[in-house]
Structure formats: structure tokens, C-alpha cells
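Next comes structure.txt, with compact mmCIF, C-alpha atoms.
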```
# COMPACT_ATOMS: atom_id res chain seq x y z
CA MET A 1 9.12 83.43 174.35
CA THR A 2 9.65 85.26 177.59
CA THR A 3 6.96 85.88 180.17
CA VAL A 4 6.80 87.29 183.65
CA HIS A 5 7.66 84.75 186.33
CA ASP A 6 7.40 84.56 190.06
CA GLU A 7 10.29 83.43 192.21
CA SER A 8 8.79 79.99 192.85
CA ARG A 9 9.26 79.14 189.17
CA PHE A 10 12.97 79.93 189.43
CA ASP A 11 13.17 77.89 192.64
CA SER A 12 11.72 74.92 190.77
CA ILE A 13 14.33 75.40 188.06
CA ALA A 14 17.03 75.08 190.71
CA VAL A 15 15.46 71.84 191.92
CA LEU A 16 15.34 70.60 188.34
CA ALA A 17 19.02 71.47 187.90
CA ILE A 18 20.09 69.17 190.75
CA GLY A 19 17.78 66.44 189.46
CA ALA A 20 15.43 66.48 192.46
CA LEU A 21 12.21 67.33 190.67
CA PRO A 22 9.78 64.40 190.26
CA PRO A 23 9.66 63.21 186.63
CA ALA A 24 6.21 64.56 185.78
CA GLU A 25 7.04 68.04 187.09
CA ALA A 26 10.44 67.87 185.45
CA ARG A 27 8.96 67.14 182.04
CA GLU A 28 6.53 69.99 182.34
CA LEU A 29 9.19 72.46 183.41
CA GLU A 30 11.62 71.28 180.72
CA ALA A 31 8.97 71.91 178.10
CA HIS A 32 8.55 75.43 179.44
CA ILE A 33 12.31 76.06 179.56
CA ALA A 34 12.59 75.04 175.94
CA GLU A 35 10.22 77.88 175.06
CA CYS A 36 11.24 80.55 177.55
CA ASP A 37 14.49 82.51 177.21
CA LEU A 38 14.35 83.83 180.76
CA CYS A 39 14.00 80.40 182.32
CA ARG A 40 16.59 78.93 180.00
CA ARG A 41 19.15 81.50 181.12
CA GLU A 42 18.33 80.73 184.74
CA TYR A 43 18.68 77.01 184.13
CA ASP A 44 21.98 77.39 182.30
CA GLU A 45 23.38 79.50 185.07
CA LEU A 46 22.43 77.07 187.81
CA ARG A 47 23.33 73.96 185.84
CA GLY A 48 26.91 75.13 185.57
CA ALA A 49 27.15 75.14 189.35
CA VAL A 50 25.58 71.69 189.47
CA ASP A 51 28.11 70.30 187.00
CA ALA A 52 30.86 71.69 189.18
CA LEU A 53 29.18 70.18 192.23
CA ALA A 54 29.97 66.72 190.92
CA LEU A 55 33.67 67.51 191.08
CA SER A 56 33.42 67.73 194.87
CA ALA A 57 33.10 63.96 194.98
CA GLU A 58 36.43 63.37 193.26
CA VAL A 59 38.59 61.25 195.53
CA THR A 60 42.24 62.01 196.21
CA PRO A 61 45.09 59.53 195.70
CA GLU A 62 45.17 59.17 199.48
CA GLN A 63 41.50 58.20 199.58
CA PHE A 64 41.63 55.92 196.58
CA GLY A 65 45.02 54.53 195.72
CA GLY A 66 47.29 51.56 196.05
CA ALA A 67 45.92 48.08 195.58
CA GLN A 68 42.28 49.16 195.35
CA CYS A 69 43.05 51.66 192.62
CA GLU A 70 45.16 49.14 190.71
CA ARG A 71 42.46 46.50 191.05
CA LEU A 72 39.81 48.74 189.53
CA ARG A 73 42.14 49.75 186.71
CA SER A 74 42.84 46.09 185.92
CA ARG A 75 39.13 45.27 186.03
CA VAL A 76 38.24 48.06 183.64
CA MET A 77 41.05 47.28 181.20
CA ASP A 78 40.25 43.56 181.28
CA ALA A 79 36.58 44.30 180.68
CA VAL A 80 37.43 46.56 177.77
CA ARG A 81 39.64 43.88 176.23
CA ALA A 82 36.85 41.36 176.67
CA SER A 83 34.12 43.67 175.44
CA ALA A 84 33.98 42.09 171.99
CA THR A 85 30.54 40.67 171.20
CA PRO A 86 29.34 38.02 168.74
CA ALA A 87 28.00 40.87 166.64
CA ALA A 88 31.62 41.72 165.95
CA ALA A 89 31.71 38.66 163.71
CA LYS A 90 29.92 40.79 161.16
CA VAL A 91 32.74 43.32 161.14
CA VAL A 92 34.11 43.72 157.65
CA PRO A 93 37.80 42.79 157.55
CA LEU A 94 39.87 45.91 157.88
CA ALA A 95 41.47 45.67 154.47
CA ARG A 96 38.07 45.65 152.77
CA ARG A 97 36.50 48.37 154.80
CA ALA A 98 35.26 51.36 152.87
CA PRO A 99 36.88 54.61 154.05
CA SER A 100 33.51 56.25 154.68
CA GLN A 101 32.73 53.77 157.44
CA TRP A 102 35.49 55.27 159.53
CA LEU A 103 34.04 58.76 159.53
CA PRO A 104 32.06 58.24 162.77
CA TYR A 105 35.20 57.02 164.47
CA PHE A 106 37.13 60.06 163.31
CA ALA A 107 34.37 62.29 164.67
CA THR A 108 34.30 60.43 167.96
CA ALA A 109 38.02 60.44 168.31
CA ALA A 110 38.10 64.15 167.64
CA ALA A 111 35.39 64.87 170.21
CA LEU A 112 37.06 62.87 172.93
CA ALA A 113 40.47 64.24 172.15
CA LEU A 114 39.17 67.77 172.34
CA ALA A 115 37.46 67.02 175.64
CA ILE A 116 40.65 65.67 177.11
CA TYR A 117 42.50 68.66 175.77
CA SER A 118 40.18 71.21 177.33
CA THR A 119 39.71 69.45 180.62
CA TRP A 120 43.21 68.57 181.59
CA ASN A 121 44.54 71.96 180.78
CA LEU A 122 47.86 70.54 179.70
CA THR A 123 49.45 73.69 178.50
CA THR A 124 52.39 71.91 176.97
CA LEU A 125 50.04 69.93 174.78
CA ARG A 126 48.16 72.89 173.43
CA THR A 127 49.24 72.57 169.87
CA GLU A 128 47.32 71.36 166.92
CA ASN A 129 49.84 68.62 166.42
CA ASP A 130 49.21 67.20 169.86
CA VAL A 131 45.47 67.19 169.32
CA ASN A 132 45.99 65.33 166.08
CA GLN A 133 48.19 62.81 167.84
CA ARG A 134 45.45 62.18 170.37
CA GLN A 135 42.93 61.70 167.59
CA VAL A 136 45.21 59.21 165.93
CA ALA A 137 45.77 57.43 169.23
CA LEU A 138 42.05 57.10 169.80
CA LEU A 139 41.52 55.87 166.29
CA GLN A 140 44.32 53.35 166.71
CA ALA A 141 42.71 52.18 169.93
CA ARG A 142 39.47 51.51 168.08
CA LEU A 143 41.32 49.66 165.33
CA ASP A 144 43.08 47.50 167.91
CA ALA A 145 39.73 46.76 169.52
CA GLN A 146 38.21 45.76 166.19
CA GLU A 147 41.06 43.36 165.54
CA ARG A 148 40.70 41.80 168.96
CA ALA A 149 36.94 41.60 168.46
CA SER A 150 37.49 39.81 165.19
CA ASN A 151 39.76 37.22 166.82
CA GLU A 152 37.36 36.71 169.68
CA ALA A 153 34.44 36.39 167.28
CA ARG A 154 36.26 33.56 165.50
CA ALA A 155 36.73 31.81 168.83
CA GLN A 156 33.06 32.37 169.62
CA LEU A 157 32.10 30.88 166.27
CA ALA A 158 34.16 27.77 166.99
CA LEU A 159 32.37 27.42 170.31
CA GLU A 160 28.97 27.77 168.62
CA GLU A 161 29.94 25.11 166.10
CA SER A 162 30.89 22.81 168.96
CA ARG A 163 27.49 23.39 170.56
CA LEU A 164 25.72 22.71 167.29
CA ALA A 165 27.60 19.43 167.03
CA ASP A 166 26.35 18.56 170.49
CA LEU A 167 22.81 19.36 169.43
CA ILE A 168 22.85 16.66 166.77
CA ALA A 169 25.13 14.22 168.60
CA PRO A 170 23.86 10.64 168.61
CA GLY A 171 22.96 9.55 172.11
CA ALA A 172 22.01 13.05 173.26
CA ALA A 173 18.76 13.26 175.19
CA ARG A 174 16.37 15.80 173.69
CA PHE A 175 13.44 17.43 175.42
CA ALA A 176 11.10 19.46 173.25
CA VAL A 177 9.90 22.85 174.43
CA ARG A 178 7.85 25.46 172.66
CA ASP A 179 9.87 26.68 169.67
CA GLY A 180 12.96 24.75 170.65
CA VAL A 181 14.66 21.91 172.38
CA ILE A 182 16.74 21.19 175.45
CA VAL A 183 19.62 18.81 174.89
CA ARG A 184 21.46 16.88 177.57
CA THR A 185 24.72 15.46 176.30
CA GLY A 186 28.04 14.56 177.83
CA GLY A 187 27.18 16.06 181.19
CA ARG A 188 26.15 19.35 179.60
CA ILE A 189 22.80 21.03 179.03
CA LEU A 190 22.10 23.12 175.94
CA ILE A 191 19.02 25.19 175.23
CA ALA A 192 18.21 25.93 171.58
CA LEU A 193 15.29 28.28 170.99
CA ARG A 194 13.96 30.08 167.95
CA HIS A 195 11.40 32.83 167.35
CA LEU A 196 12.34 34.48 170.63
CA PRO A 197 11.01 38.05 170.68
CA ALA A 198 13.53 40.80 171.26
CA LEU A 199 13.04 42.20 174.74
CA PRO A 200 12.65 45.84 175.74
CA LYS A 201 15.63 47.65 177.19
CA GLY A 202 16.32 46.53 180.75
CA LYS A 203 15.01 43.02 180.25
CA THR A 204 16.80 39.74 179.56
CA TYR A 205 16.04 36.06 179.23
CA GLN A 206 17.21 33.93 182.13
CA ALA A 207 17.49 30.15 182.49
CA TRP A 208 16.64 28.34 185.71
CA THR A 209 17.52 24.86 186.91
CA LEU A 210 15.76 22.61 189.38
CA ARG A 211 17.96 20.07 191.15
CA ARG A 212 16.54 16.70 192.02
CA GLY A 213 14.87 16.93 195.41
CA ALA A 214 15.01 20.73 195.46
CA LYS A 215 11.82 22.69 196.03
CA THR A 216 12.89 25.89 194.35
CA VAL A 217 14.70 26.67 191.13
CA ALA A 218 18.20 28.10 191.08
CA PRO A 219 19.21 31.00 188.82
CA SER A 220 21.34 30.12 185.83
CA ILE A 221 22.71 32.04 182.85
CA THR A 222 21.08 35.13 181.29
CA PHE A 223 21.05 35.42 177.53
CA ALA A 224 19.67 37.29 174.54
CA PRO A 225 18.63 35.92 171.16
CA ASP A 226 20.42 36.99 168.00
CA PRO A 227 18.65 39.41 165.64
CA THR A 228 16.81 36.51 164.00
CA GLY A 229 15.34 35.38 167.33
CA LEU A 230 17.66 32.40 167.68
CA ALA A 231 19.38 31.51 170.97
CA LEU A 232 21.80 28.67 171.57
CA VAL A 233 22.89 28.57 175.17
CA GLU A 234 24.99 26.20 177.19
CA LEU A 235 24.14 26.22 180.87
CA PRO A 236 27.14 26.53 183.17
CA GLU A 237 25.74 23.87 185.51
CA SER A 238 26.61 20.21 185.14
CA ALA A 239 23.70 18.12 183.87
CA ALA A 240 24.07 15.73 186.81
CA ASN A 241 21.13 15.98 189.19
CA ILE A 242 19.29 18.61 187.13
CA ALA A 243 15.64 17.56 187.09
CA ALA A 244 14.14 20.44 185.12
CA VAL A 245 15.01 23.59 183.20
CA ALA A 246 12.97 26.76 182.82
CA VAL A 247 13.32 30.11 181.05
CA SER A 248 11.73 33.40 182.00
CA VAL A 249 12.06 37.11 181.27
CA GLU A 250 13.88 39.02 184.01
CA PRO A 251 15.39 42.43 184.65
CA ASP A 252 18.87 43.01 183.20
CA GLY A 253 21.52 41.20 185.19
CA GLY A 254 19.12 38.42 186.12
CA SER A 255 17.15 37.67 189.27
CA LYS A 256 17.65 35.42 192.26
CA GLN A 257 14.12 34.12 191.89
CA PRO A 258 11.79 34.25 188.89
CA THR A 259 9.82 37.47 188.75
CA SER A 260 7.67 36.60 185.75
CA LYS A 261 5.73 33.63 184.48
CA PRO A 262 8.23 31.24 182.84
CA ASN A 263 8.22 30.83 179.06
CA PHE A 264 8.44 27.13 179.81
CA VAL A 265 9.34 24.66 182.53
CA ARG A 266 10.67 21.40 181.13
CA PRO A 267 11.34 18.28 183.22
CA LEU A 268 14.40 16.44 181.87
CA SER A 269 12.78 13.05 181.92
CA MET B 1 44.46 51.13 174.13
CA THR B 2 46.83 53.85 175.24
CA ALA B 3 44.32 56.59 174.47
CA PHE B 4 41.57 54.94 176.46
CA GLU B 5 43.98 54.39 179.33
CA ALA B 6 44.73 58.10 179.28
CA VAL B 7 41.01 58.88 179.54
CA TYR B 8 40.68 56.38 182.38
CA ASP B 9 43.66 57.76 184.25
CA GLY B 10 42.32 61.28 183.93
CA PHE B 11 38.82 60.62 185.21
CA HIS B 12 38.72 57.46 187.33
CA ARG B 13 38.99 59.34 190.62
CA LEU B 14 36.01 61.49 189.66
CA VAL B 15 33.89 58.57 188.48
CA TYR B 16 34.73 56.36 191.44
CA GLY B 17 34.30 59.28 193.84
CA ILE B 18 30.79 60.11 192.64
CA ALA B 19 29.81 56.44 192.68
CA PHE B 20 31.17 55.92 196.19
CA LYS B 21 29.60 59.08 197.56
CA MET B 22 26.19 58.14 196.18
CA LEU B 23 26.25 54.39 196.89
CA GLY B 24 28.37 54.37 200.06
CA ASP B 25 29.82 51.02 199.12
CA ALA B 26 33.27 50.43 197.62
CA THR B 27 32.32 47.27 195.74
CA ALA B 28 29.21 48.82 194.22
CA ALA B 29 31.20 51.93 193.36
CA GLU B 30 33.83 49.88 191.54
CA ASP B 31 31.12 48.01 189.61
CA LEU B 32 29.52 51.26 188.61
CA ALA B 33 32.84 52.86 187.62
CA GLN B 34 33.58 49.86 185.43
CA SER B 35 30.23 50.16 183.68
CA VAL B 36 30.76 53.88 183.06
CA PHE B 37 34.16 53.37 181.46
CA LEU B 38 32.87 50.51 179.37
CA LYS B 39 30.20 52.90 178.14
CA VAL B 40 32.89 55.42 177.23
CA TRP B 41 34.83 52.72 175.42
CA SER B 42 31.95 51.14 173.55
CA SER B 43 29.92 54.27 172.77
CA PRO B 44 32.26 57.26 172.70
CA GLU B 45 29.85 58.92 170.28
CA ALA B 46 27.46 59.35 173.24
CA PHE B 47 29.65 62.27 174.27
CA GLY B 48 28.34 65.04 172.11
CA GLY B 49 30.91 67.69 172.94
CA GLY B 50 31.28 70.28 175.67
CA ASN B 51 33.05 69.58 178.91
CA PHE B 52 34.02 65.94 179.19
CA SER B 53 34.32 65.83 182.97
CA ALA B 54 30.83 67.32 183.34
CA TRP B 55 29.49 64.75 180.90
CA ILE B 56 31.10 61.73 182.50
CA ALA B 57 29.99 62.99 185.91
CA ARG B 58 26.37 63.14 184.67
CA VAL B 59 26.62 59.63 183.23
CA THR B 60 28.00 58.35 186.53
CA ARG B 61 25.37 60.10 188.62
CA ASN B 62 22.50 58.84 186.45
CA ARG B 63 23.74 55.27 186.73
CA ALA B 64 24.17 55.62 190.47
CA LEU B 65 20.61 56.93 190.73
CA ASP B 66 19.40 53.80 188.93
CA VAL B 67 21.18 51.69 191.53
CA LEU B 68 19.75 53.71 194.41
CA ARG B 69 16.24 53.38 192.98
CA SER B 70 16.57 49.65 192.52
CA ARG B 71 17.82 49.33 196.10
CA ALA B 72 14.80 51.25 197.34
CA THR B 73 12.57 49.09 195.13
CA ARG B 74 11.02 52.28 193.96
CA PRO B 75 9.49 52.07 190.52
CA GLU B 76 11.94 53.00 187.80
CA THR B 77 11.46 56.65 187.01
CA GLU B 78 12.93 57.96 183.87
CA MET B 79 15.54 60.61 184.37
CA PRO B 80 14.68 63.94 182.92
CA ALA B 81 16.67 64.35 179.74
CA ASP B 82 19.50 66.79 179.96
CA ILE B 83 18.63 70.10 178.45
CA PRO B 84 21.48 71.17 176.17
CA LEU B 85 23.28 74.09 177.71
CA ASP B 86 23.92 77.31 175.88
CA GLY B 87 26.13 78.64 178.58
CA SER B 88 27.40 77.22 181.78
CA LEU B 89 30.27 78.03 184.01
CA ASP B 90 32.76 79.49 181.63
CA GLU B 91 34.75 76.66 180.06
CA THR B 92 38.05 78.07 181.19
CA VAL B 93 36.70 78.45 184.72
CA PHE B 94 35.42 74.89 184.72
CA ALA B 95 38.70 73.54 183.39
CA ARG B 96 40.54 75.10 186.31
CA LEU B 97 38.25 73.68 188.94
CA ASP B 98 39.23 70.62 190.89
CA GLY B 99 37.65 68.57 193.63
CA GLN B 100 39.37 70.50 196.39
CA ARG B 101 38.17 73.89 195.16
CA VAL B 102 34.58 72.70 194.84
CA ARG B 103 34.63 70.95 198.22
CA SER B 104 35.91 74.13 199.77
CA ALA B 105 33.20 76.21 198.08
CA LEU B 106 30.54 73.71 199.11
CA ALA B 107 31.76 73.73 202.70
CA GLY B 108 31.39 77.49 202.66
CA LEU B 109 27.63 77.28 202.10
CA PRO B 110 25.32 77.54 205.10
CA GLU B 111 24.31 74.05 206.17
CA GLU B 112 20.64 74.81 205.46
CA GLN B 113 21.59 75.31 201.80
CA ARG B 114 24.31 72.68 201.49
CA THR B 115 22.30 69.80 202.95
CA PRO B 116 19.30 69.90 200.58
CA ILE B 117 21.63 70.31 197.60
CA GLU B 118 23.64 67.25 198.61
CA LEU B 119 20.55 65.20 199.44
CA GLY B 120 19.09 65.96 196.04
CA PHE B 121 22.22 65.68 193.96
CA PHE B 122 24.12 62.87 195.65
CA GLY B 123 21.32 61.25 197.63
CA GLY B 124 18.89 61.02 194.72
CA MET B 125 16.04 62.41 196.82
CA THR B 126 13.17 64.42 195.37
CA HIS B 127 12.32 67.83 196.81
CA ASP B 128 9.37 66.28 198.66
CA GLU B 129 11.62 63.69 200.26
CA ILE B 130 14.14 66.34 201.22
CA ALA B 131 11.42 68.46 202.82
CA ARG B 132 10.08 65.50 204.78
CA SER B 133 13.48 64.27 205.92
CA SER B 134 14.53 67.70 207.13
CA ASP B 135 11.11 68.73 208.40
CA VAL B 136 11.23 71.96 206.42
CA PRO B 137 8.39 73.32 204.23
CA LEU B 138 8.75 72.38 200.57
CA GLY B 139 8.85 75.99 199.39
CA THR B 140 11.66 76.74 201.81
CA VAL B 141 13.66 73.75 200.60
CA LYS B 142 13.38 74.92 197.01
CA THR B 143 14.38 78.46 197.86
CA ARG B 144 17.40 77.26 199.80
CA ILE B 145 18.53 75.01 196.96
CA ARG B 146 18.42 77.90 194.53
CA ALA B 147 20.17 80.29 196.89
CA GLY B 148 22.86 77.68 197.55
CA LEU B 149 23.51 77.03 193.88
CA LYS B 150 23.78 80.73 193.11
CA ARG B 151 26.20 81.24 195.95
CA LEU B 152 28.20 78.19 194.91
CA ARG B 153 28.54 79.48 191.40
CA ILE B 154 29.70 82.90 192.51
CA THR B 155 32.24 81.35 194.90
CA LEU B 156 33.60 79.00 192.24
CA GLU B 157 33.98 81.73 189.66
CA GLY B 158 35.79 83.84 192.24
CA SER B 159 38.05 80.99 193.29
CA VAL B 160 39.77 80.66 189.93
CA VAL B 161 40.02 84.30 188.91
```
Would you encode the structure as C-alpha cells?
Amino acid sequence: MTTVHDESRFDSIAVLAIGALPPAEARELEAHIAECDLCRREYDELRGAVDALALSAEVTPEQFGGAQCERLRSRVMDAVRASATPAAAKVVPLARRAPSQWLPYFATAAALALAIYSTWNLTTLRTENDVNQRQVALLQARLDAQERASNEARAQLALEESRLADLIAPGAARFAVRDGVIVRTGGRILIALRHLPALPKGKTYQAWTLRRGAKTVAPSITFAPDPTGLALVELPESAANIAAVAVSVEPDGGSKQPTSKPNFVRPLS
Amino acid sequence: MTAFEAVYDGFHRLVYGIAFKMLGDATAAEDLAQSVFLKVWSSPEAFGGGNFSAWIARVTRNRALDVLRSRATRPETEMPADIPLDGSLDETVFARLDGQRVRSALAGLPEEQRTPIELGFFGGMTHDEIARSSDVPLGTVKTRIRAGLKRLRITLEGSVV
């Protein structure tokens, strides 16, 4: 559909393109653009300039190099190596994996490889063979990651087993809470909870500790239940001098002070 | 991980640069860059094709906007979803652009056009906020943004021909 427009409509499209239109107006205009060829052409034209605009922020080796650059690279690579999650324990061993399960990875590898190819403009690499090599390299990278994830999942499982042993250890002090228990054993504090609802995106569970004599709680670990609603968490704090433990729902990354009513507050006595 | 390292090496200056320009803080910029590359690593399927540098720049900017909004304790506002592009700057033109060319083109814009574009794009301000901060009528701000973008596009296309 194409209709007659005044200039102010096109001006609003420019504002939308740089992301400066308030959400309600943006939604309304996006709905119109989806239906209007004229406005869509205008948007496409301006959006190309906006994409290019981002390139102006690229830093030079002089602005971002040396130790700072190396530090960030190490951080990212370390984080990638450590990015395995407990969910990876469900990964089917590679030898048993059905070929069809790899199709998404092939597609992803191809998309990324093509992006790299087009963006870097490496003329010497512009052969089909080179693109294939990049696809294979990306696929190999994912395979390596899966293997590492599998190893780390085994280590995680061993840790969970150790925590479960603590839960039933004779001599451990147990403090019942709704749908769970807090266990103090060997200088450690464990929280075991079940039936925990999954939280919306951007929210997380967070534990809090209250030291003896303190008037305010201190932030502790954030955690998420597994798909069955079960959470088994070991607090990083030593059990010594901890008078109470609480859990609340907080924004992702945790809070410095509780921002919602706690699920429970449990004195350890 | 060689392939991922190649992606990182090709785009870390862009990702860090956008993060630093928007957040103005090296530590926060490094944190944000790390989260962007982890996203690339863990969910490469999120990239649906097209120009990779434009995509990763959008991901970086959106995450930086989230940080800016949380700093301002403004309520979280959902980002407008990207409208898929039929045509943009020609792919071959885009591939030949670099930071220096775009900075040069941007510097060539009249300040009255460059400033609102930068405040909106890198500063995360809405058009109302731009108008208030620069004491210029809203309609004028919008017109200047559009004129600036058109001029920027023409300059960029000319710079690589």
C-alpha cells in the first residue's frame, strides 16, 4: 500500500532509524512501514546510513591496544571457554549424535562464515574453498566447545553429588523453609528448594545473608532453578556468624539490597 | 576456537568502540563487549544473514542502551524491533567503509545535523529529549536528523566510489 505523505512522516522515519523515537510511536510507525512501500523505501535508505554510523565509533589500535586490548581478549576467550552450563550435561555424546542434529550448526557456521567473507573483503580468500574452510573451522569450534562443555558438566555433576551428600550428612543443622531446607554443615551453607517457578526474562533468584549483629542483609549468590523447579545452591559465604538467610527475586545480575518481598527469611537457630 | 578468535579479532575494535562511546567508561565498555561476544559464541544463529558488522553493531548498541537506561533508572522500554531491510547501503559499499571514512563523513555534516544524530544514536536520547537539551523545536530536530542522514549516506557512497 502506498499513500500520499507529508514531510513530517518522513522526518519521523529518520528518527525511528536512529532509534530515537519513543516506543509507542515507534511501534505505530513500524506497523505503517510494514504496509507502505513508500515509507519502507525511505526507511531502508536511511537505515543504511545509520548502520554505517556505528562504524564511526570503531577505535583504532592506537586508541585501544596493548595491555588493555590483550586483557579484554583474554577475558572474552576465558569466558567463552567457561561458558558451558549444567544443561550441557544433557548433550548426547558425540559418537551417538544423529547427523540431523548438526544441521543448525552447519547453517550457523555458513552464515557467519559468509558474513566474515563479505565484511573483511579479503580478496585472497574469495574462493569457494576458503569459505568452506571457514565453515569447517566454525563447526570444529562448536565441536570443541561441546566437548569442553561435556567435561565441565561432569565436574559440575560431581560437585552436585558432593552437595547432596552434605544435605544428608549426619550432624548437619537443618532449617526448614517453604518448599525446601537450609543446611549448615562443615562451615558451609546450602539452600535446597523445590517447586521454584521459572522467572521472566531479566529476573533471577538471589540469596541474602544476615551476619550476627548486622542490621541489614548482605547480597549473596544469584541462581536459577533447573527446568523441574529444583535449586541446590551453596552460598559462597562461610557459615560462621551467619544469623539468617533469605531469598528474593531480583533483576538479572542481582541487587545490592532486596528490591522485592523475600520468598522467605530464615533465622539459622 | 580459532574461528571464533578470527571473528573476535575482526570486530572487537568496533564493539568496544561503540560501547565506550555510548557508556563513556572503559570498564563498562569491556563488560559489554564481553557480553556481546559471548552472545555471538553461544547464539550464532541470532545472526540471520546480511552484513555482519552492521548486525553486531546493532547488538552492541542495544545492549549499551539497556545499560544507559538502567543508569538513568528510567523504566525499561522495549527497543523497537529491527525492521528487516530490503535494501541498504549497497553491500559492496558497506564492505569498503571503515571507521575513518565514516568519522570523516560525519565530521562533514553541519553541527546542527550531526549533534542530534549522535545524541539519538550514541546517547540513547529520544527526539523529545534531544529537542529539550538543545532548546530547538521538536519538528526542527526531526528535520535536521533526516537531512543529516541523507547527506551522510550520499557522502559515504561517494567516498568509496
> Neighbours of A:Phe223 within 12 Å (all atoms listed in the file; same-chain residues fewer than 6 positions away dropped), as a list in words?
Replying inline: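 Selected residues are Ile191, Ala192, Leu193, Leu196, Ala198, Leu199, Lys203, Thr204, Tyr205, Gln206, Ala207, Trp208, Gly229, Leu230, Ala231, Leu232, Val233, Glu234, Leu235, Val247, Ser248, Val249, Glu250, Pro251, Asp252, Gly253 and Gly254 of chain A.
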> So how many Å separate atom CA of A:Ile242 and atom CA of A:Arg194, to one decimal?
Replying inline: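 Computed distance, atom CA of A:Ile242 to atom CA of A:Arg194, equals 23.0 Å.
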>> Give me the residues near B:Ala57 as an MDAnalysis selection string, where near means some atom within 10 Å (using only C-alpha atoms) and where sequence neighbours in that chain fewer than 2 positions away do not count.
In response: (chainID A and resid 51:55 57:58) or (chainID B and resid 11 14:19 36 52:55 59:63)
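With all atoms listed in the file as the atoms that count, the residue of A:Arg71, A:Val76, A:Ala31, A:Gln63 with the shortest distance to chain B is A:Val76.
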> Could you work out how far atom CA of B:Gly139 lies from atom CA of A:Arg41, giving the answer in Å with one decimal?
Replying inline: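 Distance between the two atoms: 21.7 Å.
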>> Which residue is closest to chain A? Choose from B:Thr140, B:Thr126, B:Ser104, B:Ser133 and count all atoms listed in the file.
In response: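 Comparing B:Thr140, B:Thr126, B:Ser104, B:Ser133 against chain A, the winner is B:Thr126.
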> Quick one: residues within 9 Å of B:Ile145, all atoms listed in the file counted, chain neighbours fewer than 5 positions away excluded, as a ChimeraX atom specification?
Replying inline: /A:11,14-15,18 /B:112-117,140,150
>> Give me the residues near A:Thr209 as a PyMOL selection string, where near means some atom within 7 Å (using all atoms listed in the file) and where sequence neighbours in that chain fewer than 2 positions away do not count.
In response: chain A and resi 207+211+217-220+242+244-246
Give the padded box for stretch 52-66 of chain A as AutoDock Vina command-line options: axis-aligned, covering all atoms listed in the file, 8 Å on each side, centre and edge lengths in Å to one decimal.
```
--center_x 38.2 --center_y 61.6 --center_z 194.4 --size_x 34.1 --size_y 36.1 --size_z 26.4
```
>> So the first atom is atom CA of A:Pro61 and the second is atom CA of B:Arg13; what is the distance between them in Å, to one decimal place?
In response: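 It comes out at 7.9 Å.
The nearest approach to B:Leu106 among the residues A:Val50, A:Ala26, A:Leu38, A:Ala20, with all atoms listed in the file taken into account, belongs to A:Val50.
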>> So that I can see what lies close to B:Arg153, please list as a PyMOL selection string the residues with an atom at most 10 Å from it, counting all atoms listed in the file and leaving out residues fewer than 5 positions away in the same chain.
In response: (chain A and resi 45-50+52-53) or (chain B and resi 88-89+102+105-106+148+158-159)
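Closest approach to chain A from the set B:Ala6, B:Leu138, B:Glu45, B:Arg151 is made by B:Glu45, with distances taken over only C-alpha atoms.
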> From the set A:Ala214, A:Ala172, A:Val181, A:Leu16, which residue has the shortest atom-to-atom contact distance to chain B, counting all atoms listed in the file?
Replying inline: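 Closest to chain B of all the choices is A:Leu16.
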> With distances taken over all atoms listed in the file, which of A:Asp6, A:Asp179, A:Asp44, A:Glu28 is nearest to chain B?
Replying inline: A:Asp44
